[in-house]
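Quick notes on the structure that follows.
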Amino acid sequence: MEEKQKYFTLTTLKTRGWTDKTIKNLLKEPLEKTNPYYKKAASMKLYLIEDVLEQEKTSDFIDSKNKKEKRQIGAKKAVETKRNKLIEEIKKCKISVQLIENPKELIEKTIKHKAEWYCGVYSGLNFEVPTDKQTLKRWQINYIRHELTEYDDYCQVLFKRVGKDEGYNLLKSKVMAEIKKKYPYLFK
């Protein structure tokens, strides 16, 4: 118990604004103890609280901490800018939905597409056409979204971009709204 009161862990130092560089440059070598929680984990590095508090008063530490905070603010701003740019791109994108006027033709294409997908993913299993109307409507909407719009192409643009989750939700909403305009009977 007493050791925990006398020492800061490396994690605690990081939450107090220390960086690896300032730890290396300003603090003495840490006391290393076996990790009490995980036997095979690396040993814990412990730093005397009094040494840490003394160094935190120095201009070297204060300057380093201020620079770190400025970098963090800059990084947050950059992330927000990238996120906003992606959202604006999605808001501006035009979604076109191909129309299959004959509902029976849409059902046939949907089932054929679903069967091909199902047999490819679950080869060896029997494919069954749903008997309930809601499932069939959902399949048709998914078919339209993936095969009769640019949805999948736009999803590729989102991959690994800042704001992709929010962007995906916005994109899907836009696509679904356009599908609803062309195929309102599927949403009843």
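How things are named: the first chain in the structure tokens is A, the next is B, and so on; residues count from 1 in each chain; ligands count from 1 in the order shown.
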
I'd like to know which residues of chain A are helix (DSSP H, G or I) (by DSSP, run on the backbone); could you write them as a PyMOL selection string?
chain A and resi 2-6+10-15+20-26+49-55+59-92+103-121+133-147+151-158+164-182+184-187

Pull the strand (DSSP E or B) assignments for chain A out of DSSP run on the backbone, and list those residues as a VMD selection string.
chain A and resid 7 to 9 31 to 33 44 to 48

Which of these residues is nearest to Asp165 (chain A), using only C-alpha atoms: A:Lys114, A:Leu86, A:Tyr183, A:Leu31?
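Residue with the minimum atom-to-atom distance to Asp165 (chain A): A:Leu86.
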
Neighbours of Arg145 (chain A) within 10 Å (only C-alpha atoms; same-chain residues fewer than 5 positions away dropped), as a PDB file with N, CA and C atoms, in the first residue's frame?
ATOM      1  N   VAL A  97     -31.073   6.548 -58.628  1.00  0.00           N
ATOM      2  CA  VAL A  97     -31.612   5.207 -58.410  1.00  0.00           C
ATOM      3  C   VAL A  97     -32.238   4.747 -59.728  1.00  0.00           C
ATOM      4  N   GLN A  98     -31.753   3.622 -60.241  1.00  0.00           N
ATOM      5  CA  GLN A  98     -32.354   3.061 -61.446  1.00  0.00           C
ATOM      6  C   GLN A  98     -33.746   2.543 -61.101  1.00  0.00           C
ATOM      7  N   TRP A 139     -35.300  -7.380 -48.744  1.00  0.00           N
ATOM      8  CA  TRP A 139     -34.369  -7.871 -49.756  1.00  0.00           C
ATOM      9  C   TRP A 139     -34.373  -6.977 -50.985  1.00  0.00           C
ATOM     10  N   GLN A 140     -35.549  -6.552 -51.416  1.00  0.00           N
ATOM     11  CA  GLN A 140     -35.641  -5.687 -52.602  1.00  0.00           C
ATOM     12  C   GLN A 140     -34.955  -4.342 -52.352  1.00  0.00           C
ATOM     13  N   GLU A 150     -25.265   4.165 -56.625  1.00  0.00           N
ATOM     14  CA  GLU A 150     -23.804   4.283 -56.464  1.00  0.00           C
ATOM     15  C   GLU A 150     -23.387   4.055 -55.012  1.00  0.00           C
ATOM     16  N   TYR A 151     -24.277   3.534 -54.213  1.00  0.00           N
ATOM     17  CA  TYR A 151     -24.052   3.370 -52.780  1.00  0.00           C
ATOM     18  C   TYR A 151     -22.724   2.685 -52.451  1.00  0.00           C
ATOM     19  N   ASP A 152     -22.461   1.542 -53.073  1.00  0.00           N
ATOM     20  CA  ASP A 152     -21.234   0.801 -52.772  1.00  0.00           C
ATOM     21  C   ASP A 152     -19.990   1.599 -53.159  1.00  0.00           C
ATOM     22  N   LYS A 172     -26.292   6.517 -46.113  1.00  0.00           N
ATOM     23  CA  LYS A 172     -27.361   5.520 -46.154  1.00  0.00           C
ATOM     24  C   LYS A 172     -28.731   6.205 -46.098  1.00  0.00           C
ATOM     25  N   VAL A 175     -29.455   7.692 -49.539  1.00  0.00           N
ATOM     26  CA  VAL A 175     -29.782   6.644 -50.510  1.00  0.00           C
ATOM     27  C   VAL A 175     -31.175   6.093 -50.245  1.00  0.00           C
ATOM     28  N   MET A 176     -31.477   5.833 -48.990  1.00  0.00           N
ATOM     29  CA  MET A 176     -32.802   5.291 -48.648  1.00  0.00           C
ATOM     30  C   MET A 176     -33.915   6.276 -49.012  1.00  0.00           C
ATOM     31  N   GLU A 178     -33.867   8.406 -51.473  1.00  0.00           N
ATOM     32  CA  GLU A 178     -34.027   8.367 -52.928  1.00  0.00           C
ATOM     33  C   GLU A 178     -34.730   7.085 -53.384  1.00  0.00           C
ATOM     34  N   ILE A 179     -34.413   5.988 -52.724  1.00  0.00           N
ATOM     35  CA  ILE A 179     -35.092   4.731 -53.056  1.00  0.00           C
ATOM     36  C   ILE A 179     -36.579   4.858 -52.750  1.00  0.00           C
TER      37      ILE A 179
END

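Look at Ser64 (chain A): the protein and nucleic acid residues within 10 Å of it, using only C-alpha atoms and passing over chain neighbours fewer than 5 places away, are Gly17, Trp18, Thr19, Lys21, Thr22, Ser59, Glu69 and Lys70 of chain A.
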
Pick the closest to Pro103 (chain A) from A:Lys6, A:Lys137, A:Lys181, A:Lys77: which is it, counting only C-alpha atoms?
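Among the listed residues, the smallest separation from Pro103 (chain A) belongs to A:Lys137.
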
Rank A:Tyr185, A:Phe127, A:Phe8, A:Trp117 by their smallest atom-to-atom distance to Met44 (chain A), using only C-alpha atoms, and report the top residue only.
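Residue with the minimum atom-to-atom distance to Met44 (chain A): A:Phe8.
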
Rank nothing, just name the residue among A:Arg138, A:His113, A:Lys33, A:Lys182 nearest to Lys45 (chain A), using only C-alpha atoms.
A:Lys33

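CA of Tyr154 (chain A) is positioned 23.9 Å from CA of Tyr118 (chain A).
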
Would you mind telling me which residue in A:Glu54, A:Glu89, A:Asp20, A:Glu105 lies nearest to Lys164 (chain A) when using only C-alpha atoms?
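Of A:Glu54, A:Glu89, A:Asp20, A:Glu105, the one nearest Lys164 (chain A), counting only C-alpha atoms, is A:Glu89.
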
Using only C-alpha atoms for the distances, tell me which of A:Pro30, A:Glu80, A:Cys155, A:Tyr143 is nearest to Ser43 (chain A).
A:Pro30

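In this model, the gap between CA of Thr149 (chain A) and CA of Asp132 (chain A) comes to 25.4 Å.
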
Neighbouring residues of Gln5 (chain A) were defined as those with any atom within 12 Å, considering only C-alpha atoms; residues of the same chain fewer than 5 positions away were excluded. Please report them as a PyMOL selection string.
chain A and resi 46-50

Tell me, in Å to one decimal, how far CA of Ala42 (chain A) is from CA of Lys24 (chain A).
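These atoms are spaced 18.2 Å apart.
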